[in-house]
Structures are given as C-alpha cells and as structure tokens.
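What follows is the content of my_file_26.txt, which has compact mmCIF, C-alpha atoms:
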```txt
# COMPACT_ATOMS: atom_id res chain seq x y z
CA MET A 1 -29.83 -19.62 -36.22
CA ALA A 2 -27.76 -16.50 -36.81
CA ARG A 3 -28.75 -15.29 -33.35
CA ALA A 4 -27.68 -18.57 -31.74
CA ARG A 5 -24.33 -18.34 -33.55
CA ALA A 6 -23.84 -14.77 -32.38
CA ILE A 7 -24.57 -15.77 -28.78
CA LEU A 8 -22.16 -18.72 -29.09
CA THR A 9 -19.44 -16.49 -30.57
CA MET A 10 -19.91 -13.94 -27.77
CA THR A 11 -19.81 -16.65 -25.10
CA VAL A 12 -16.60 -18.08 -26.56
CA MET A 13 -15.06 -14.60 -26.79
CA ILE A 14 -15.95 -13.75 -23.20
CA GLY A 15 -14.71 -17.19 -22.13
CA LEU A 16 -11.40 -16.65 -23.93
CA GLN A 17 -10.98 -13.30 -22.20
CA LEU A 18 -11.74 -14.73 -18.77
CA VAL A 19 -9.47 -17.76 -19.00
CA PRO A 20 -6.13 -15.90 -19.02
CA LEU A 21 -7.36 -13.58 -16.24
CA ARG A 22 -8.25 -16.49 -13.97
CA ALA A 23 -5.08 -18.32 -14.94
CA GLY A 24 -3.08 -15.18 -14.09
CA ALA A 25 -4.56 -14.88 -10.60
CA ASP A 26 -4.17 -18.61 -9.94
CA GLN A 27 -0.61 -18.48 -11.19
CA ALA A 28 0.21 -15.59 -8.84
CA ARG A 29 -1.27 -17.45 -5.87
CA ASP A 30 0.47 -20.70 -6.80
CA GLN A 31 3.81 -18.92 -7.05
CA VAL A 32 3.39 -17.18 -3.68
CA GLN A 33 2.24 -20.41 -2.05
CA ALA A 34 5.16 -22.36 -3.54
CA THR A 35 7.65 -19.79 -2.22
CA VAL A 36 6.09 -19.77 1.27
CA ASP A 37 6.01 -23.60 1.32
CA GLN A 38 9.71 -23.75 0.36
CA VAL A 39 10.57 -21.35 3.19
CA LEU A 40 8.48 -23.34 5.69
CA GLU A 41 10.24 -26.53 4.57
CA VAL A 42 13.60 -24.95 5.45
CA LEU A 43 12.23 -23.80 8.82
CA SER A 44 10.95 -27.25 9.71
CA ASP A 45 14.14 -29.03 8.61
CA PRO A 46 15.66 -30.47 11.83
CA GLY A 47 19.12 -30.40 10.24
CA LEU A 48 18.92 -26.61 9.96
CA ALA A 49 17.31 -25.89 13.35
CA GLY A 50 19.00 -24.11 16.24
CA ALA A 51 21.22 -21.04 16.62
CA GLN A 52 24.32 -22.87 15.36
CA HIS A 53 22.71 -23.26 11.92
CA THR A 54 21.38 -19.69 11.67
CA ALA A 55 23.79 -18.70 8.86
CA ALA A 56 23.06 -21.78 6.71
CA ARG A 57 19.31 -21.54 7.33
CA ARG A 58 19.17 -17.85 6.46
CA ALA A 59 21.26 -18.36 3.33
CA LYS A 60 18.76 -20.97 2.11
CA ILE A 61 15.76 -18.74 2.88
CA ARG A 62 17.50 -15.81 1.18
CA THR A 63 17.93 -17.79 -2.05
CA ILE A 64 14.24 -18.76 -2.04
CA VAL A 65 12.98 -15.25 -1.20
CA LEU A 66 15.23 -13.53 -3.76
CA GLY A 67 13.62 -15.60 -6.50
CA ARG A 68 10.16 -14.23 -5.79
CA PHE A 69 10.62 -10.79 -4.19
CA GLY A 70 11.33 -7.81 -6.41
CA PHE A 71 13.61 -5.93 -4.02
CA GLU A 72 14.48 -3.32 -6.65
CA GLU A 73 10.80 -2.54 -7.21
CA MET A 74 10.23 -2.39 -3.43
CA ALA A 75 13.23 -0.07 -2.96
CA LYS A 76 12.07 2.17 -5.82
CA ARG A 77 8.53 2.45 -4.47
CA SER A 78 9.75 3.04 -0.91
CA LEU A 79 12.22 5.76 -1.86
CA GLY A 80 9.67 7.63 -4.02
CA ALA A 81 10.78 10.75 -5.93
CA THR A 82 14.37 10.56 -4.58
CA TRP A 83 14.87 7.30 -6.52
CA TYR A 84 14.49 9.09 -9.85
CA GLN A 85 17.01 11.78 -8.84
CA ARG A 86 19.78 9.22 -8.18
CA ARG A 87 22.32 7.86 -10.68
CA PRO A 88 22.05 4.12 -11.60
CA ALA A 89 25.12 3.26 -9.47
CA GLU A 90 23.55 4.99 -6.46
CA GLN A 91 20.25 3.23 -7.09
CA LYS A 92 22.04 -0.12 -7.10
CA GLN A 93 23.83 0.73 -3.87
CA PHE A 94 20.50 1.67 -2.27
CA VAL A 95 18.82 -1.55 -3.45
CA ASP A 96 21.65 -3.64 -1.91
CA LEU A 97 21.36 -1.84 1.43
CA PHE A 98 17.54 -1.98 1.42
CA THR A 99 17.52 -5.69 0.46
CA ASP A 100 19.88 -6.54 3.29
CA LEU A 101 17.78 -4.68 5.90
CA LEU A 102 14.49 -6.05 4.61
CA GLU A 103 15.76 -9.62 4.45
CA ARG A 104 16.88 -9.50 8.07
CA SER A 105 13.59 -8.08 9.27
CA TYR A 106 11.48 -10.47 7.16
CA ILE A 107 13.61 -13.55 7.93
CA SER A 108 13.66 -12.95 11.69
CA ARG A 109 9.86 -12.53 11.52
CA ILE A 110 9.26 -15.78 9.65
CA GLU A 111 11.75 -17.62 11.86
CA SER A 112 9.24 -17.19 14.68
CA TYR A 113 6.86 -19.46 12.73
CA LYS A 114 5.76 -22.40 14.90
CA GLY A 115 3.77 -24.58 12.53
CA GLU A 116 0.65 -22.36 12.36
CA LYS A 117 -1.87 -23.04 9.63
CA ILE A 118 -1.67 -20.77 6.55
CA VAL A 119 -4.65 -20.42 4.21
CA TYR A 120 -5.01 -18.47 0.97
CA PRO A 121 -8.61 -17.23 0.88
CA GLY A 122 -8.43 -14.98 -2.14
CA GLU A 123 -6.55 -13.37 -5.00
CA SER A 124 -7.32 -10.67 -7.51
CA ILE A 125 -5.75 -9.38 -10.68
CA GLN A 126 -5.86 -5.94 -12.26
CA GLY A 127 -3.85 -5.50 -15.46
CA ASP A 128 -0.22 -6.32 -14.73
CA ARG A 129 -0.73 -6.32 -10.95
CA ALA A 130 -2.12 -8.97 -8.61
CA GLU A 131 -2.86 -9.38 -4.92
CA VAL A 132 -2.73 -12.69 -3.07
CA ASN A 133 -4.30 -12.82 0.39
CA SER A 134 -3.06 -15.16 3.09
CA VAL A 135 -4.21 -15.74 6.67
CA ILE A 136 -2.10 -17.26 9.43
CA LEU A 137 -4.28 -19.03 12.00
CA SER A 138 -2.77 -19.63 15.39
CA HIS A 139 -4.76 -20.75 18.46
CA GLY A 140 -7.78 -18.59 17.67
CA ASP A 141 -5.58 -15.67 16.65
CA ARG A 142 -5.74 -14.42 13.08
CA SER A 143 -3.04 -12.54 11.23
CA THR A 144 -3.20 -11.52 7.56
CA ILE A 145 -0.44 -11.12 4.99
CA ASP A 146 -1.36 -9.78 1.55
CA TYR A 147 1.24 -10.12 -1.19
CA ARG A 148 1.11 -7.47 -3.93
CA LEU A 149 2.70 -8.62 -7.15
CA VAL A 150 3.65 -7.22 -10.52
CA ARG A 151 3.90 -9.28 -13.67
CA VAL A 152 7.44 -9.88 -14.92
CA ASP A 153 8.77 -12.00 -17.82
CA ASP A 154 8.78 -15.32 -15.99
CA GLY A 155 5.77 -14.90 -13.72
CA TRP A 156 5.02 -12.63 -10.77
CA GLU A 157 7.24 -10.64 -8.45
CA VAL A 158 6.27 -9.36 -4.97
CA TYR A 159 6.57 -5.55 -4.69
CA ASP A 160 4.73 -5.00 -1.38
CA LEU A 161 3.66 -6.94 1.69
CA VAL A 162 0.62 -5.82 3.66
CA ILE A 163 0.87 -7.31 7.14
CA ASP A 164 -2.32 -6.93 9.24
CA GLY A 165 -3.43 -4.06 7.01
CA ILE A 166 -0.13 -2.15 7.14
CA SER A 167 1.78 -1.76 3.87
CA LEU A 168 5.52 -2.34 4.10
CA VAL A 169 6.25 0.04 1.20
CA ASN A 170 4.08 2.83 2.66
CA ASN A 171 5.69 2.38 6.07
CA TYR A 172 9.22 2.69 4.62
CA ARG A 173 8.15 5.49 2.25
CA MET A 174 7.00 7.62 5.19
CA GLN A 175 10.11 6.87 7.24
CA PHE A 176 12.49 7.53 4.33
CA ALA A 177 10.74 10.80 3.40
CA HIS A 178 10.97 11.93 7.03
CA ILE A 179 14.70 11.12 7.33
CA ILE A 180 15.51 12.66 3.91
CA GLY A 181 13.60 15.80 4.94
CA GLN A 182 15.64 16.06 8.13
CA SER A 183 19.13 15.00 7.07
CA GLY A 184 19.07 14.46 3.30
CA TYR A 185 19.72 11.34 1.22
CA ASP A 186 23.23 10.94 2.68
CA GLY A 187 21.72 11.03 6.16
CA LEU A 188 19.39 8.18 5.17
CA LEU A 189 22.31 6.09 3.87
CA THR A 190 24.25 6.73 7.11
CA LYS A 191 21.27 5.59 9.21
CA MET A 192 20.71 2.48 7.08
CA ARG A 193 24.42 1.55 7.26
CA ALA A 194 24.43 2.03 11.05
CA LYS A 195 21.43 -0.29 11.36
CA GLN A 196 23.07 -2.84 9.07
CA GLU A 197 26.24 -2.82 11.20
CA ALA A 198 24.22 -3.23 14.41
CA GLU A 199 22.33 -6.18 12.89
CA GLU A 200 25.56 -7.80 11.67
CA GLU A 201 26.99 -7.49 15.17
CA SER A 202 23.93 -9.11 16.74
CA ASP A 203 24.15 -11.89 14.12
CA ARG A 204 27.77 -12.52 15.10
CA ASP A 205 26.78 -12.66 18.79
CA LEU A 206 24.02 -15.12 17.92
CA ALA A 207 26.36 -17.37 15.94
CA ALA A 208 29.13 -17.28 18.56
CA PRO A 209 29.09 -20.16 21.09
CA PRO A 210 27.84 -19.08 24.54
CA VAL A 211 30.58 -18.22 27.05
CA GLN A 212 30.62 -20.75 29.92
CA MET B 1 -31.64 62.71 -7.25
CA ASN B 2 -30.59 61.97 -3.67
CA ARG B 3 -33.30 59.37 -3.40
CA VAL B 4 -32.01 57.54 -6.50
CA ARG B 5 -28.48 57.55 -5.05
CA LEU B 6 -29.74 56.18 -1.74
CA GLU B 7 -31.66 53.39 -3.48
CA LEU B 8 -28.62 52.50 -5.58
CA THR B 9 -26.41 52.33 -2.48
CA VAL B 10 -28.92 50.11 -0.62
CA GLY B 11 -29.22 47.88 -3.70
CA LEU B 12 -25.45 47.58 -3.91
CA PHE B 13 -25.23 46.64 -0.22
CA VAL B 14 -27.89 43.97 -0.66
CA LEU B 15 -26.01 42.54 -3.68
CA VAL B 16 -22.70 42.49 -1.77
CA GLY B 17 -24.48 40.81 1.18
CA LEU B 18 -26.01 38.16 -1.09
CA ALA B 19 -22.64 37.48 -2.73
CA CYS B 20 -21.01 37.09 0.71
CA GLY B 21 -23.79 34.71 1.80
CA ALA B 22 -23.42 32.61 -1.35
CA TRP B 23 -19.62 32.46 -0.97
CA LEU B 24 -19.94 31.44 2.70
CA SER B 25 -22.43 28.67 2.01
CA LEU B 26 -20.24 27.31 -0.80
CA ARG B 27 -17.19 27.34 1.48
CA LEU B 28 -18.93 25.85 4.53
CA GLY B 29 -20.76 23.21 2.50
CA SER B 30 -17.54 22.23 0.68
CA VAL B 31 -19.36 22.62 -2.63
CA SER B 32 -17.13 22.87 -5.67
CA LEU B 33 -17.97 25.26 -8.47
CA PRO B 34 -18.36 23.88 -11.99
CA GLY B 35 -15.04 24.12 -13.83
CA ARG B 36 -13.05 23.71 -10.62
CA ARG B 37 -14.30 20.22 -9.89
CA GLY B 38 -11.09 18.30 -10.48
CA TYR B 39 -11.17 14.65 -11.52
CA SER B 40 -12.36 11.33 -10.09
CA VAL B 41 -10.33 8.25 -9.20
CA SER B 42 -11.46 5.11 -7.39
CA ALA B 43 -9.86 2.96 -4.74
CA SER B 44 -10.94 -0.41 -3.38
CA PHE B 45 -10.65 -1.19 0.35
CA GLY B 46 -11.34 -4.25 2.49
CA SER B 47 -12.90 -2.00 5.14
CA VAL B 48 -13.69 1.74 5.31
CA GLU B 49 -15.37 1.60 8.72
CA GLY B 50 -16.12 5.13 9.97
CA LEU B 51 -15.47 6.82 6.61
CA SER B 52 -18.27 8.94 5.16
CA GLU B 53 -18.99 10.75 1.89
CA GLY B 54 -17.83 14.35 1.76
CA THR B 55 -14.84 13.89 4.09
CA SER B 56 -11.37 14.98 3.12
CA VAL B 57 -8.71 13.41 0.96
CA MET B 58 -5.29 14.55 2.15
CA ILE B 59 -1.73 14.53 0.87
CA ALA B 60 0.90 15.46 3.47
CA GLY B 61 -1.85 16.83 5.71
CA VAL B 62 -3.18 19.15 2.99
CA ARG B 63 -6.74 18.75 1.70
CA VAL B 64 -6.60 17.89 -2.01
CA GLY B 65 -10.10 16.54 -2.53
CA ARG B 66 -13.07 14.82 -1.00
CA ILE B 67 -14.83 11.46 -0.91
CA GLU B 68 -17.54 11.54 -3.51
CA ARG B 69 -19.13 8.14 -3.15
CA ILE B 70 -18.76 4.93 -1.14
CA GLY B 71 -20.22 1.76 -2.62
CA LEU B 72 -19.88 -2.00 -2.40
CA LYS B 73 -18.31 -4.10 -5.15
CA ASP B 74 -17.43 -7.80 -4.81
CA ASP B 75 -17.70 -7.59 -1.00
CA ARG B 76 -15.17 -4.74 -0.93
CA ALA B 77 -15.70 -1.03 -0.39
CA LEU B 78 -15.25 0.93 -3.62
CA VAL B 79 -14.55 4.59 -2.84
CA ARG B 80 -14.72 7.31 -5.49
CA LEU B 81 -12.46 10.27 -4.73
CA ARG B 82 -12.71 13.74 -6.27
CA ILE B 83 -9.18 15.11 -6.59
CA ASP B 84 -8.16 18.73 -7.31
CA ARG B 85 -7.11 19.26 -10.92
CA GLN B 86 -3.54 20.37 -10.15
CA VAL B 87 -2.78 17.22 -8.10
CA VAL B 88 -1.01 14.43 -10.00
CA LEU B 89 -1.29 10.87 -8.71
CA HIS B 90 1.30 8.37 -9.85
CA ASP B 91 0.85 4.68 -10.60
CA ASP B 92 2.55 3.72 -7.29
CA ALA B 93 0.27 5.93 -5.15
CA ILE B 94 -1.05 4.37 -1.94
CA ALA B 95 -4.45 5.36 -0.46
CA SER B 96 -4.93 4.70 3.27
CA VAL B 97 -7.91 5.17 5.60
CA ARG B 98 -6.56 7.15 8.55
CA SER B 99 -8.15 8.85 11.55
CA ARG B 100 -7.50 12.17 13.27
CA GLY B 101 -6.24 11.05 16.67
CA LEU B 102 -7.21 7.73 18.23
CA VAL B 103 -10.98 7.92 17.75
CA GLY B 104 -11.26 11.03 15.55
CA GLU B 105 -12.90 11.48 12.15
CA LYS B 106 -11.75 9.12 9.41
CA PHE B 107 -10.28 10.43 6.15
CA VAL B 108 -8.31 9.13 3.17
CA ALA B 109 -4.59 9.91 3.08
CA ILE B 110 -2.76 9.48 -0.20
CA SER B 111 0.93 8.96 -0.63
CA PRO B 112 1.10 10.20 -4.26
CA GLY B 113 4.10 8.11 -5.39
CA ALA B 114 6.66 9.04 -8.03
CA SER B 115 6.42 6.49 -10.85
CA PRO B 116 6.66 7.95 -14.40
CA ARG B 117 3.19 6.46 -15.08
CA THR B 118 0.31 8.54 -13.72
CA ILE B 119 -3.27 7.58 -12.82
CA PRO B 120 -5.62 9.09 -15.43
CA PRO B 121 -9.02 10.64 -14.56
CA GLY B 122 -11.43 7.77 -13.89
CA GLY B 123 -8.49 5.49 -13.02
CA LEU B 124 -7.92 3.25 -10.04
CA ILE B 125 -5.50 3.54 -7.10
CA LEU B 126 -4.51 -0.13 -6.84
CA ASP B 127 -2.58 -0.05 -3.57
CA THR B 128 -4.64 0.69 -0.47
CA GLU B 129 -4.51 0.27 3.30
CA ASP B 130 -7.73 -0.44 5.22
CA ALA B 131 -9.07 1.33 8.28
CA VAL B 132 -7.38 -0.01 11.39
CA ASN B 133 -10.03 -1.21 13.81
CA VAL B 134 -9.11 0.72 16.95
CA GLU B 135 -11.92 -0.85 19.01
CA GLN B 136 -10.55 -4.31 18.21
CA LEU B 137 -7.03 -3.24 19.20
CA ILE B 138 -8.32 -1.75 22.48
CA ALA B 139 -10.36 -4.91 23.18
CA GLN B 140 -7.28 -7.07 22.58
CA PHE B 141 -5.26 -4.80 24.85
CA ILE B 142 -7.87 -4.92 27.65
CA HIS B 143 -8.77 -8.60 27.42
CA GLY B 144 -5.43 -9.85 26.18
CA ARG B 145 -4.70 -11.83 23.04
CA ILE B 146 -5.45 -15.53 23.09
CA GLN B 147 -2.11 -17.24 22.60
```

Do you think you could lay out the structure here as structure tokens?
Amino acid sequence: MARARAILTMTVMIGLQLVPLRAGADQARDQVQATVDQVLEVLSDPGLAGAQHTAARRAKIRTIVLGRFGFEEMAKRSLGATWYQRRPAEQKQFVDLFTDLLERSYISRIESYKGEKIVYPGESIQGDRAEVNSVILSHGDRSTIDYRLVRVDDGWEVYDLVIDGISLVNNYRMQFAHIIGQSGYDGLLTKMRAKQEAEEESDRDLAAPPVQ
Amino acid sequence: MNRVRLELTVGLFVLVGLACGAWLSLRLGSVSLPGRRGYSVSASFGSVEGLSEGTSVMIAGVRVGRIERIGLKDDRALVRLRIDRQVVLHDDAIASVRSRGLVGEKFVAISPGASPRTIPPGGLILDTEDAVNVEQLIAQFIHGRIQ
C-alpha cells in the first residue's frame, strides 16, 4: 500500500513538473504562430496590396513584429562585447538603428510571401529559452525558419532567427566584429547610417508614382 | 671510471630520446595530460554530417579544444566538447559546424559571446548552427531549384 502511494506521489510529482514545461513550449509556438498569422493576414489583405500601400502595410507589419521580437536582445547579442562598453544612451541609439535595418530586411523578405504553406513541426524548451521550428513548403521546395525565444514577463520574445540553418545573430555578430576591428565602433555606426539612408531613398522611389 | 662515465652518458641520451618520443606522440595524437584537460560542455545540432570525434574546436581560428564525443539524443546530434581551461564561454555563445574550404574537414567554430552569464563546466551551448550540406547546394546549383 505504502509502495503504491509512493509510486502515485512520484507520478504526480513528475507529471506536475512536466506540465509547465510542455505548456511553456506550446505557448512559445502558439505565440510565434499567432504573430506569423497576423503578418500573413496583412500581406493577403487586398486593401493593403500594391506599391502605393507599401508605407501603410509596413507600418502594420512593424507594429505586429515589434510586439514579439526582442530587438534590444538581438542588438545586444549581435554587438557582443562592444555592447557592454557603451553607455545606455549609446546602446539605445544602436538598438534604434539596428531595429530599423533589421525590420527593412525582414519585412522585404516576408513581403515576397506568395501563399506558401507554413508548418510548425517542432519546438523545444530549455530553462528560460525556447526554439520553435517552422518549415515553408513551396512547390517541392523546402525552407526552414527556426525562432529562438527567451522568456519575458508576458510570454516569449524572439532573440534570433535561424533561416535555412544560418543564424541571424551570428551573421551580424561576425560582420559587426569585422567592421569594428577595421574602423571602430564609430565606423560601424557610419556604415549603418549610410545603409539606412540608402534604404530610405529606395523606399521613397518605391512610393513615388512612376514617371510617364 | 671512464667506462662508468660513458654508460651514464649513453643512459642520459636514451632517457632524453624517450622523453622526446613521448612528447612527440602526445603532441601528434592530440592527447591532453591530466590536469590540463580543461572542461566539457555540450551542444545539440540538427546535423553534424562530416564531423568526427577528436577534431578541433576553434574560436577566431585558434584551436581551443576538441570534440570528445558525438552521440544521438532525441533524433538530434549531441556533441560533447572539451574546452581549454582558460577559455570562458558566455551564455550567448553560438557553436557552428564549419568546414575548411568547400569540401574540407569539418570542425566546430564557437563565437564565445559576451553576456555576463557564463556557461559552467558540464553546461550546454544552447544556440547552434548545423553543418551546411554542400553536396545539396551543389546539386541544386547543377540541376536547378524546382520553382
């Protein structure tokens, strides 16, 4: 009898430990999926389609993405040791610049979405971090996007995107380290600002009506 | 007297020769001496195709350890790395399977990160990048992607 009770107690204890873990992973996947679905809804909205609605469409996507992506965490991880040597005001300035560049690159990438099927085959959780795997299936072609998330107060926040096996943070970390090594932190800011200006100019060209 | 001196000299030469041989075999076999073994950390990958035990772990192109064991856990490759004692890995470290040249030997490259939290001995590098399948890329390039 005592043995049966002990086994029951152990089973309940193990069960109690497993429930939050599973719930955590499911919650991370649900949150990623909800964000992606919201973005896809904007992209398939006929009222927001076409070059003339680019600004409105991107503003909507930006609001959705900002709610789920931890751009500060991404910027911090991408900048590496230099982040910790900067003053808070400089860190904020860097996050703004980084967010702007990343948003443009990510948004222009997802704007090329043409109704492909997206599946979420797996997710895993390890302490306060989680990974949600997604696969985009398009005419026999297969592309993977893994979302890496960290637990925050109100759920999960994306801190890295692994597209077809390549980590966004690692890619930027290597590039930033290279530029800082060559021309210092100020050189990096100059390069990022130049890219931002070039992108803004191309956005203006895109929004402007074609010359007849 | 001379004979004793001669025997001592020969003995000394033999000892020096043996010591050199032992040192060489330790160096060439990448065997670590006890006390200088460093610490272990693990990393989980989706694919480690081409990676083998004993190959290098590098930071910025410098060898900082070796691959101790490759196993399978939950359909993923679990790799145990032996890292030199003086190397500190931070919580935001990223381990990637890379290759020397296009079809060269595979190794693990670590970007050590800078977070105030460090990975303790026996810990886990959570962020990894899998081996890029070069053959698949070449096949897609030759035969074209189905669009």

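Residue neighbourhood of B:Arg66, excluding near-sequence residues (fewer than 3 positions): Gly54, Thr55, Ser56, Val57, Leu81 and Arg82 of chain B, at 6 Å, using all atoms listed in the file.
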
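Here atom CA of B:Ile59 and atom CA of A:Leu168 stand 18.6 Å from one another.
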
I want to know what sits within 12 Å of A:Leu102, based on only C-alpha atoms, with residues of the same chain fewer than 2 positions away left out; could you give that as a ChimeraX atom specification?
/A:62,65-66,69-72,74-75,78,94-100,104-109,160-161,168-169,172,192,195-196,199

Residues of chain B were defined as contacting chain A if any atom lay at most 10 Å from it, counting only C-alpha atoms; please report them as a VMD selection string.
chain B and resid 46 to 47 92 to 96 110 to 116 124 126 to 133 145 to 147

For A:Gly155, find every residue with an atom within 9 Å (counting all atoms listed in the file), except residues of its own chain fewer than 5 positions away, and show them as a ChimeraX atom specification.
/A:24,27-28,31,150

Given 8 Å on each side, where is the centre and what are the edge lengths in Å to one decimal of the axis-aligned box enclosing the listed atoms of stretch 100-108 of chain A, as JSON?
```
{"center_x": 15.7, "center_y": -9.1, "center_z": 7.5, "size_x": 24.4, "size_y": 24.9, "size_z": 24.4}
```

I'd like the interatomic distance between atom CA of A:Val132 and atom CA of A:Arg29, to a tenth of an Å.
5.7 Å

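Atom CA of A:Val158 sits 19.4 Å away from atom CA of A:Ala59.
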
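Using all atoms listed in the file, the shortest contact distance between A:Tyr159 and any of A:Ser143, A:Arg68, A:Glu197, A:Tyr113 is found at A:Arg68.
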